[in-house]
file my_file05.csv (CSV, C-alpha atoms)
chain,number,residue,atom,x,y,z
A,1,MET,CA,78.4,71.5,68.2
A,2,GLU,CA,78.6,69.3,71.4
A,3,SER,CA,81.8,67.4,70.3
A,4,LEU,CA,84.0,66.6,67.4
A,5,LEU,CA,82.0,63.5,66.8
A,6,ASP,CA,79.1,65.7,65.8
A,7,ILE,CA,80.8,66.1,62.4
A,8,ILE,CA,79.7,62.5,61.9
A,9,TYR,CA,76.6,62.4,64.1
A,10,VAL,CA,74.8,65.3,62.5
A,11,PRO,CA,74.9,64.2,58.9
A,12,LEU,CA,73.9,60.7,59.8
A,13,ALA,CA,71.0,62.1,61.9
A,14,TRP,CA,69.8,64.1,58.8
A,15,ILE,CA,69.9,60.9,56.7
A,16,PHE,CA,67.8,59.1,59.4
A,17,LYS,CA,65.4,62.0,59.5
A,18,LEU,CA,65.0,61.9,55.7
A,19,CYS,CA,64.4,58.1,55.9
A,20,TYR,CA,61.6,58.7,58.4
A,21,LEU,CA,60.0,61.4,56.4
A,22,LEU,CA,60.0,59.1,53.3
A,23,VAL,CA,58.3,56.1,55.0
A,24,ASN,CA,56.6,57.7,58.1
A,25,ASN,CA,57.4,54.7,60.2
A,26,TYR,CA,60.2,54.4,62.7
A,27,GLY,CA,60.8,50.6,62.0
A,28,LEU,CA,60.9,51.0,58.2
A,29,ALA,CA,63.1,54.1,58.6
A,30,ILE,CA,65.6,52.0,60.7
A,31,LEU,CA,65.7,49.3,58.0
A,32,LEU,CA,66.3,51.9,55.3
A,33,PHE,CA,68.8,53.7,57.4
A,34,ALA,CA,70.8,50.5,58.1
A,35,LEU,CA,70.9,49.8,54.3
A,36,ILE,CA,72.1,53.3,53.4
A,37,ALA,CA,74.7,53.2,56.1
A,38,LYS,CA,76.1,49.9,54.8
A,39,LEU,CA,76.3,51.3,51.3
A,40,LEU,CA,78.0,54.4,52.5
A,41,MET,CA,80.6,52.3,54.4
A,42,LEU,CA,81.1,49.8,51.6
A,43,PRO,CA,84.2,51.5,50.1
A,44,LEU,CA,85.8,51.4,53.6
A,45,SER,CA,84.8,47.7,53.9
A,46,ILE,CA,86.4,46.9,50.5
A,47,LYS,CA,89.6,48.7,51.4
A,48,GLY,CA,89.7,46.8,54.7
A,49,GLU,CA,89.1,43.5,52.9
A,50,LYS,CA,92.0,44.2,50.4
A,51,GLY,CA,94.2,45.0,53.3
A,52,ARG,CA,93.2,41.7,55.0
A,53,LEU,CA,93.9,39.7,51.9
A,54,LYS,CA,97.3,41.4,51.5
A,55,MET,CA,98.1,40.5,55.0
A,56,GLN,CA,97.1,36.9,54.5
A,57,ALA,CA,99.5,36.7,51.5
A,58,VAL,CA,102.4,38.2,53.5
A,59,GLN,CA,101.7,36.3,56.7
A,60,PRO,CA,103.7,33.1,55.8
A,61,LYS,CA,106.8,35.3,55.2
A,62,MET,CA,106.2,37.2,58.4
A,63,ASN,CA,105.9,33.9,60.3
A,64,ALA,CA,109.2,32.7,58.8
A,65,LEU,CA,110.9,35.9,59.9
A,66,GLN,CA,109.5,35.5,63.4
A,67,GLN,CA,110.9,31.9,63.5
A,68,LYS,CA,114.2,33.2,62.3
A,69,TYR,CA,114.4,35.7,65.2
A,70,LYS,CA,112.4,33.5,67.7
A,71,GLY,CA,112.8,34.9,71.2
A,72,ASP,CA,114.7,37.9,69.8
A,73,THR,CA,112.1,39.9,68.0
A,74,ARG,CA,113.4,43.1,69.8
A,75,ASN,CA,116.5,42.8,67.7
A,76,PRO,CA,116.9,45.8,65.4
A,77,LYS,CA,117.7,43.5,62.5
A,78,TYR,CA,114.3,41.9,62.9
A,79,SER,CA,112.5,45.3,62.6
A,80,GLU,CA,114.8,46.2,59.7
A,81,GLU,CA,114.0,42.9,57.8
A,82,LEU,CA,110.3,43.2,58.6
A,83,GLN,CA,110.1,46.8,57.2
A,84,GLN,CA,112.1,45.5,54.1
A,85,LEU,CA,109.5,42.7,53.7
A,86,TYR,CA,106.7,45.3,53.9
A,87,ALA,CA,108.4,47.4,51.3
A,88,GLU,CA,109.0,44.5,48.9
A,89,GLU,CA,105.4,43.2,49.2
A,90,GLY,CA,103.9,46.7,49.0
A,91,TYR,CA,102.1,46.1,52.3
A,92,ASN,CA,101.0,48.7,54.9
A,93,PRO,CA,100.1,47.1,58.3
A,94,MET,CA,97.7,49.9,58.9
A,95,SER,CA,95.8,49.4,55.7
A,96,GLY,CA,93.5,46.8,57.2
A,97,CYS,CA,93.0,48.5,60.6
A,98,LEU,CA,92.3,52.0,59.5
A,99,PRO,CA,88.9,51.4,57.8
A,100,THR,CA,87.8,49.5,60.9
A,101,PHE,CA,88.8,52.5,63.2
A,102,ILE,CA,87.0,54.9,60.9
A,103,GLN,CA,83.8,52.8,61.0
A,104,LEU,CA,83.6,52.8,64.8
A,105,PRO,CA,82.5,56.5,65.2
A,106,VAL,CA,80.1,55.9,62.2
A,107,ILE,CA,78.5,53.0,64.0
A,108,LEU,CA,78.2,55.1,67.2
A,109,GLY,CA,76.6,57.8,65.1
A,110,LEU,CA,74.0,55.4,63.7
A,111,TRP,CA,73.2,54.2,67.2
A,112,ASN,CA,73.0,57.8,68.5
A,113,ALA,CA,70.6,58.8,65.7
A,114,ILE,CA,68.2,55.9,66.3
A,115,ARG,CA,68.0,56.4,70.1
A,116,ARG,CA,67.4,60.2,70.0
A,117,PRO,CA,64.4,61.0,67.9
A,118,LEU,CA,63.4,64.1,69.9
A,119,THR,CA,66.6,65.7,68.9
A,120,TYR,CA,67.3,64.4,65.4
A,121,ILE,CA,63.8,63.9,64.0
A,122,LEU,CA,61.6,66.4,65.8
A,123,GLY,CA,64.5,68.9,66.0
A,124,LEU,CA,64.0,69.7,69.7
A,125,ASN,CA,66.7,71.3,71.7
A,126,LYS,CA,68.1,70.3,75.2
A,127,LEU,CA,66.0,72.9,77.0
A,128,THR,CA,62.7,71.7,75.5
A,129,ASN,CA,63.6,68.0,76.1
A,130,PHE,CA,64.4,68.8,79.7
A,131,ALA,CA,61.1,70.7,80.1
A,132,ILE,CA,59.2,67.7,78.5
A,133,VAL,CA,60.6,65.3,81.1
A,134,ASN,CA,59.7,67.7,83.9
A,135,ILE,CA,56.2,68.1,82.6
A,136,LEU,CA,55.8,64.3,82.4
A,137,HIS,CA,57.2,63.8,85.9
A,138,SER,CA,55.1,66.6,87.5
A,139,ASN,CA,51.9,65.2,85.9
A,140,GLY,CA,52.6,61.8,87.5
A,141,VAL,CA,53.3,59.7,84.5
A,142,GLN,CA,54.4,56.6,86.4
A,143,LYS,CA,56.5,55.1,83.6
A,144,VAL,CA,58.6,58.2,83.4
A,145,ILE,CA,59.0,58.3,87.2
A,146,ASP,CA,60.1,54.7,87.2
A,147,ALA,CA,62.4,55.1,84.3
A,148,LEU,CA,64.1,58.1,85.9
A,149,GLY,CA,64.8,56.3,89.1
A,150,LYS,CA,67.1,58.3,91.3
A,151,THR,CA,67.9,60.9,88.6
A,152,ASP,CA,67.5,64.4,90.1
A,153,ILE,CA,64.6,65.9,88.0
A,154,SER,CA,65.8,69.5,88.7
A,155,ASP,CA,69.4,68.8,87.6
A,156,PHE,CA,69.6,69.8,83.9
A,157,ASP,CA,72.8,67.9,83.2
A,158,ALA,CA,71.6,64.7,84.9
A,159,VAL,CA,68.3,64.7,83.0
A,160,THR,CA,70.1,65.5,79.7
A,161,LYS,CA,72.4,62.6,80.3
A,162,TRP,CA,69.4,60.3,81.0
A,163,LEU,CA,67.8,61.4,77.8
A,164,GLN,CA,70.8,60.3,75.7
A,165,THR,CA,69.5,56.8,76.0
A,166,ASN,CA,65.8,57.4,76.7
A,167,GLU,CA,64.6,59.9,74.1
A,168,ILE,CA,62.9,57.1,72.2
A,169,ARG,CA,61.1,56.1,75.4
A,170,VAL,CA,59.8,59.7,75.9
A,171,ALA,CA,58.7,59.8,72.3
A,172,GLN,CA,56.7,56.7,72.9
A,173,PHE,CA,54.9,58.4,75.9
A,174,LEU,CA,54.0,61.3,73.7
A,175,ASN,CA,51.9,59.0,71.5
A,176,ASP,CA,49.3,58.9,74.2
A,177,PRO,CA,46.8,61.8,73.1
A,178,GLN,CA,46.2,62.9,76.7
A,179,ILE,CA,49.9,63.0,77.6
A,180,PHE,CA,50.7,64.8,74.3
A,181,GLU,CA,48.2,67.6,75.1
A,182,THR,CA,49.5,67.9,78.6
A,183,VAL,CA,53.1,68.3,77.3
A,184,LYS,CA,52.1,70.7,74.6
A,185,ASN,CA,50.2,73.0,77.0
A,186,GLY,CA,53.0,72.7,79.5
A,187,LEU,CA,55.6,73.8,76.9
A,188,GLU,CA,53.5,76.8,75.9
A,189,GLU,CA,53.4,77.9,79.6
A,190,TYR,CA,57.2,77.5,79.8
A,191,ALA,CA,57.6,79.6,76.7
A,192,LEU,CA,55.3,82.4,78.2
A,193,LYS,CA,57.2,82.5,81.5
A,194,HIS,CA,60.6,82.4,79.8
A,195,PRO,CA,60.1,84.1,76.3
A,196,ASP,CA,63.8,84.5,75.6
A,197,SER,CA,64.9,81.0,76.7
A,198,GLY,CA,64.4,79.3,73.3
A,199,PHE,CA,61.7,76.8,74.2
A,200,ILE,CA,60.3,75.0,71.2
A,201,THR,CA,56.5,74.5,71.5
A,202,GLU,CA,55.8,72.9,68.1
A,203,ILE,CA,56.0,69.2,68.7
A,204,THR,CA,54.5,66.2,66.9
A,205,THR,CA,54.2,62.5,67.5
A,206,LEU,CA,56.2,59.7,65.9
A,207,ASN,CA,54.9,56.5,64.4
A,208,LEU,CA,56.8,54.0,66.5
A,209,LYS,CA,54.6,51.0,65.7
A,210,PHE,CA,56.4,48.2,63.7
A,211,LEU,CA,55.2,44.6,63.2
A,212,GLY,CA,52.7,45.2,66.0
A,213,PHE,CA,55.4,46.3,68.5
A,214,ASP,CA,56.0,49.7,70.1
A,215,LEU,CA,59.6,50.4,69.3
A,216,GLY,CA,59.8,52.8,72.3
A,217,MET,CA,59.3,49.9,74.8
A,218,THR,CA,62.0,47.4,75.9
A,219,PRO,CA,61.5,43.6,75.9
A,220,SER,CA,61.7,43.7,79.7
A,221,GLU,CA,58.8,46.2,79.8
A,222,TYR,CA,56.7,43.8,77.6
A,223,ILE,CA,57.6,41.0,80.1
A,224,ASP,CA,56.6,43.2,83.1
A,225,GLU,CA,53.2,44.1,81.5
A,226,ALA,CA,52.4,40.5,80.5
A,227,GLY,CA,53.7,39.0,83.7
A,228,THR,CA,55.5,36.3,81.8
A,229,ILE,CA,58.7,35.9,79.9
A,230,PHE,CA,56.8,34.2,77.0
A,231,VAL,CA,56.1,37.3,75.0
A,232,LEU,CA,56.9,37.9,71.3
A,233,ALA,CA,59.1,40.9,72.1
A,234,ILE,CA,61.7,38.4,73.5
A,235,LEU,CA,62.3,37.4,69.9
A,236,PHE,CA,64.2,40.6,69.3
A,237,PRO,CA,67.2,39.8,71.6
A,238,ILE,CA,67.1,36.1,70.5
A,239,ILE,CA,67.2,36.9,66.8
A,240,SER,CA,69.8,39.6,67.5
A,241,GLY,CA,72.0,37.0,69.2
A,242,ILE,CA,71.6,34.4,66.4
A,243,THR,CA,72.3,36.9,63.6
A,244,SER,CA,75.3,38.2,65.5
A,245,PHE,CA,76.7,34.6,65.9
A,246,LEU,CA,76.2,33.9,62.2
A,247,THR,CA,78.0,37.1,61.3
A,248,SER,CA,81.0,36.2,63.5
A,249,TYR,CA,81.0,32.5,62.4
A,250,LEU,CA,80.8,33.2,58.7
A,251,THR,CA,83.5,35.9,59.0
A,252,GLN,CA,85.9,33.4,60.6
A,253,LYS,CA,84.8,30.5,58.3
A,254,ILE,CA,85.1,32.3,55.0
A,255,ASN,CA,88.1,34.4,55.9
A,256,ALA,CA,89.9,31.6,57.6
A,257,MET,CA,93.7,31.9,57.6
A,258,PRO,CA,96.5,30.1,59.5
A,259,THR,CA,96.7,31.5,63.0
A,260,ALA,CA,98.7,30.8,66.2
A,261,GLU,CA,97.0,28.9,68.9
A,262,GLY,CA,96.6,32.0,71.1
A,263,GLN,CA,94.9,33.9,68.3
A,264,LYS,CA,92.5,31.0,67.7
A,265,THR,CA,91.5,31.1,71.4
A,266,ASN,CA,90.9,34.9,71.1
A,267,MET,CA,88.8,34.4,67.9
A,268,ASN,CA,86.7,31.7,69.6
A,269,LEU,CA,86.1,33.9,72.5
A,270,LEU,CA,85.0,36.7,70.2
A,271,LEU,CA,82.7,34.3,68.4
A,272,TYR,CA,80.6,33.7,71.6
A,273,THR,CA,81.0,37.0,73.4
A,274,MET,CA,79.7,39.2,70.6
A,275,PRO,CA,76.3,37.3,70.4
A,276,LEU,CA,75.9,37.5,74.2
A,277,LEU,CA,76.6,41.3,74.0
A,278,SER,CA,74.1,41.6,71.2
A,279,VAL,CA,71.4,39.8,73.2
A,280,TRP,CA,72.1,42.0,76.3
A,281,LEU,CA,71.9,45.2,74.2
A,282,ALA,CA,68.6,44.2,72.4
A,283,PHE,CA,67.1,43.1,75.8
A,284,SER,CA,68.2,46.2,77.8
A,285,PHE,CA,67.4,48.9,75.2
A,286,GLN,CA,64.2,49.8,73.3
A,287,THR,CA,63.1,47.3,70.6
A,288,GLY,CA,63.9,50.0,68.0
A,289,VAL,CA,67.6,49.4,68.9
A,290,GLY,CA,67.0,45.7,68.6
A,291,VAL,CA,65.5,46.2,65.1
A,292,TYR,CA,68.6,48.1,64.0
A,293,TRP,CA,71.0,45.5,65.5
A,294,ILE,CA,69.2,42.7,63.7
A,295,ALA,CA,69.1,44.6,60.3
A,296,SER,CA,72.7,45.5,60.6
A,297,ASN,CA,73.7,41.9,61.3
A,298,ILE,CA,71.7,40.6,58.3
A,299,LEU,CA,73.3,43.2,56.1
A,300,SER,CA,76.7,42.3,57.4
A,301,ILE,CA,76.2,38.7,56.5
A,302,GLY,CA,75.3,39.7,52.9
A,303,GLN,CA,78.3,42.0,52.8
A,304,ILE,CA,80.6,39.0,53.7
A,305,PHE,CA,79.6,37.2,50.5
A,306,LEU,CA,79.6,40.4,48.5
A,307,LEU,CA,83.2,41.2,49.4
A,308,LYS,CA,84.2,37.6,48.7
A,309,ALA,CA,82.8,38.0,45.2
A,310,ILE,CA,84.2,41.4,44.3
A,311,VAL,CA,87.6,41.4,46.1
A,312,LYS,CA,90.0,38.8,44.8
A,313,PRO,CA,93.2,37.8,46.6
A,314,PRO,CA,96.5,39.0,45.1
A,315,LYS,CA,98.0,36.6,42.6
A,316,PRO,CA,101.2,34.9,44.0
A,317,ALA,CA,104.4,35.6,42.1
A,318,GLU,CA,105.2,32.8,39.7
A,319,LYS,CA,108.2,30.6,40.7
A,320,PRO,CA,110.7,30.0,37.9
A,321,LYS,CA,110.4,26.5,36.6
A,322,LYS,CA,113.2,24.1,37.3
A,323,GLU,CA,114.6,22.1,34.3
A,324,LYS,CA,114.0,18.5,34.7
A,325,LYS,CA,117.1,16.3,34.9
A,326,LEU,CA,117.1,13.4,32.5
A,327,ASN,CA,118.4,10.0,33.5
A,328,TYR,CA,120.7,7.8,31.4
A,329,ASN,CA,117.9,5.8,29.7
A,330,GLN,CA,116.0,9.0,28.8
A,331,ILE,CA,119.2,10.5,27.2
A,332,GLU,CA,119.9,7.4,25.2
A,333,LYS,CA,116.3,7.2,23.9
A,334,MET,CA,116.5,10.9,22.8
A,335,LYS,CA,119.7,10.1,20.9
A,336,ARG,CA,118.2,7.2,19.1
A,337,ILE,CA,115.2,9.3,18.1
A,338,GLU,CA,117.5,12.1,16.7
A,339,GLN,CA,119.6,9.5,14.8
A,340,GLU,CA,116.4,8.0,13.2
A,341,GLN,CA,115.2,11.4,12.2
A,342,ASP,CA,118.6,12.2,10.6
A,343,LYS,CA,118.6,8.9,8.7
A,344,ASP,CA,115.1,9.5,7.3
A,345,GLY,CA,116.1,12.9,6.2
A,346,ALA,CA,119.1,11.5,4.3
A,347,ILE,CA,117.0,9.0,2.5
A,348,ILE,CA,114.5,11.6,1.3
A,349,VAL,CA,117.3,13.8,-0.1
A,350,THR,CA,118.9,10.8,-1.9
A,351,GLU,CA,115.7,9.9,-3.7
A,352,GLU,CA,115.1,13.5,-4.8
A,353,ASN,CA,118.6,13.7,-6.2
A,354,THR,CA,118.1,10.4,-8.1
A,355,GLU,CA,114.8,11.6,-9.7
A,356,THR,CA,116.5,14.9,-10.8
A,357,LYS,CA,119.2,13.0,-12.7

call {"tool": "encode", "arguments": {"input": "my_file05.csv", "output": "structure tokens"}}
result
Amino acid sequence: MESLLDIIYVPLAWIFKLCYLLVNNYGLAILLFALIAKLLMLPLSIKGEKGRLKMQAVQPKMNALQQKYKGDTRNPKYSEELQQLYAEEGYNPMSGCLPTFIQLPVILGLWNAIRRPLTYILGLNKLTNFAIVNILHSNGVQKVIDALGKTDISDFDAVTKWLQTNEIRVAQFLNDPQIFETVKNGLEEYALKHPDSGFITEITTLNLKFLGFDLGMTPSEYIDEAGTIFVLAILFPIISGITSFLTSYLTQKINAMPTAEGQKTNMNLLLYTMPLLSVWLAFSFQTGVGVYWIASNILSIGQIFLLKAIVKPPKPAEKPKKEKKLNYNQIEKMKRIEQEQDKDGAIIVTEENTETK
């Protein structure tokens, strides 16, 4: 186990591997993986939404309390009354944040599984991956040499770190039959020279083709090959940015609640920075990462409407109805009606008595 996060990373990697084995296509596996991940995290999302709605219901009272202690929120009485308010309303301020914090390592785990197919789908270890990179480099595979840049090819730790974001790129190189045979023969030679080192010689290729694109290539590499920016691969970062903007916009629009001016500024900043970050990520990394980002955004949009349908806001406590005060004319009118009813009743009784006699 490399880190504590492997507790999350490894199970997610197994799920992704299962998705690939089911569909035998990296792009379809990413879509299926994104869907399963959303379903697995749905209970946390529901819990977070309930916490958000509870906070929305309590917010006016919190604002009133802040106004009461305006400029003096460090006053112990303010903290005491705030805690009393939480207790009365049954609200835990961490209830809305905790699910979000839990989801962060899960999202990183999903990202990690998609970017590292050599480790999580082919089941290769660090030593074998290091050897593959060295074989590619020593055989003059120019794309590998360019991608490595100034990375010291003899430094195990440096190459391992480079592979954390470039395994999918190396998997793409292995789809070339000639390169694949070269690497396979090279690994067998490594294993013969170092029989007790744990080299894995059984390697296979991955189907990285999806919608006519090689998911191991970046949009910038497509641009370099074509010599123009007008390539279809540029759609991945563009669609990624659009879907990211729609996710943020709909979240703010549907879940709108009264906020202070400073908070509005921060929300507007988030509305535009997240799409820009999404565009940069989809452009800088392999198109496989862009496919996941787009799929995740589209599923998030669907989740917004789903949560709106299944999680209802808490019902406000009913206020006691105030009795309406009657004016002089209304009181006199009611007296006249009562007198007429008494008079009619008296007449009916008299007639009945007369008939009996």

call {"tool": "residues_around", "arguments": {"input": "my_file05.csv", "residues": "region 127-143 of chain A", "least_positions_apart": "6", "cutoff": "7 Å", "atoms": "only C-alpha atoms", "output": "list in words"}}
result
Ile153, Phe156, Val159, Thr160, Val183, Gly186, Phe199 and Ile200 of chain A

call {"tool": "atom_distance", "arguments": {"input": "my_file05.csv", "atom1": "CA of Trp162 (chain A)", "atom2": "CA of Ile7 (chain A)"}}
result
22.6 Å

call {"tool": "atom_distance", "arguments": {"input": "my_file05.csv", "atom1": "CA of Tyr249 (chain A)", "atom2": "CA of Lys308 (chain A)"}}
result
15.0 Å

call {"tool": "residues_around", "arguments": {"input": "my_file05.csv", "residues": "Ile121 (chain A)", "least_positions_apart": "6", "cutoff": "9 Å", "atoms": "only C-alpha atoms", "output": "MDAnalysis selection string"}}
result
chainID A and resid 13:14 16:18 20:21 113 206

call {"tool": "atom_distance", "arguments": {"input": "my_file05.csv", "atom1": "CA of Met55 (chain A)", "atom2": "CA of Leu82 (chain A)"}}
result
13.0 Å

call {"tool": "closest_residue", "arguments": {"input": "my_file05.csv", "among": "A:Tyr86, A:Phe283, A:Phe305, A:Phe245", "to": "Pro219 (chain A)", "atoms": "all atoms listed in the file"}}
result
A:Phe283

call {"tool": "closest_residue", "arguments": {"input": "my_file05.csv", "among": "A:Pro195, A:Pro11, A:Gly27, A:Gly149", "to": "Trp293 (chain A)", "atoms": "all atoms listed in the file"}}
result
A:Gly27

call {"tool": "closest_residue", "arguments": {"input": "my_file05.csv", "among": "A:Glu225, A:Leu65, A:Lys333, A:Asn92", "to": "Lys47 (chain A)", "atoms": "all atoms listed in the file"}}
result
A:Asn92

call {"tool": "residues_around", "arguments": {"input": "my_file05.csv", "residues": "Asn63 (chain A)", "least_positions_apart": "2", "cutoff": "12 Å", "atoms": "all atoms listed in the file", "output": "list in words"}}
result
Met55, Gln56, Ala57, Val58, Gln59, Pro60, Lys61, Leu65, Gln66, Gln67, Lys68, Tyr69, Lys70, Thr73, Tyr78, Leu82, Leu85, Pro258, Thr259 and Ala260 of chain A

call {"tool": "closest_residue", "arguments": {"input": "my_file05.csv", "among": "A:Pro117, A:Ala29, A:Asp6, A:Met217", "to": "Pro105 (chain A)", "atoms": "all atoms listed in the file"}}
result
A:Asp6

call {"tool": "closest_residue", "arguments": {"input": "my_file05.csv", "among": "A:Thr119, A:Ser45, A:Ser278, A:Thr165", "to": "Ser240 (chain A)", "atoms": "all atoms listed in the file"}}
result
A:Ser278

call {"tool": "residues_around", "arguments": {"input": "my_file05.csv", "residues": "Ala309 (chain A)", "least_positions_apart": "5", "cutoff": "12 Å", "atoms": "all atoms listed in the file", "output": "MDAnalysis selection string"}}
result
chainID A and resid 46 49 254 302:304
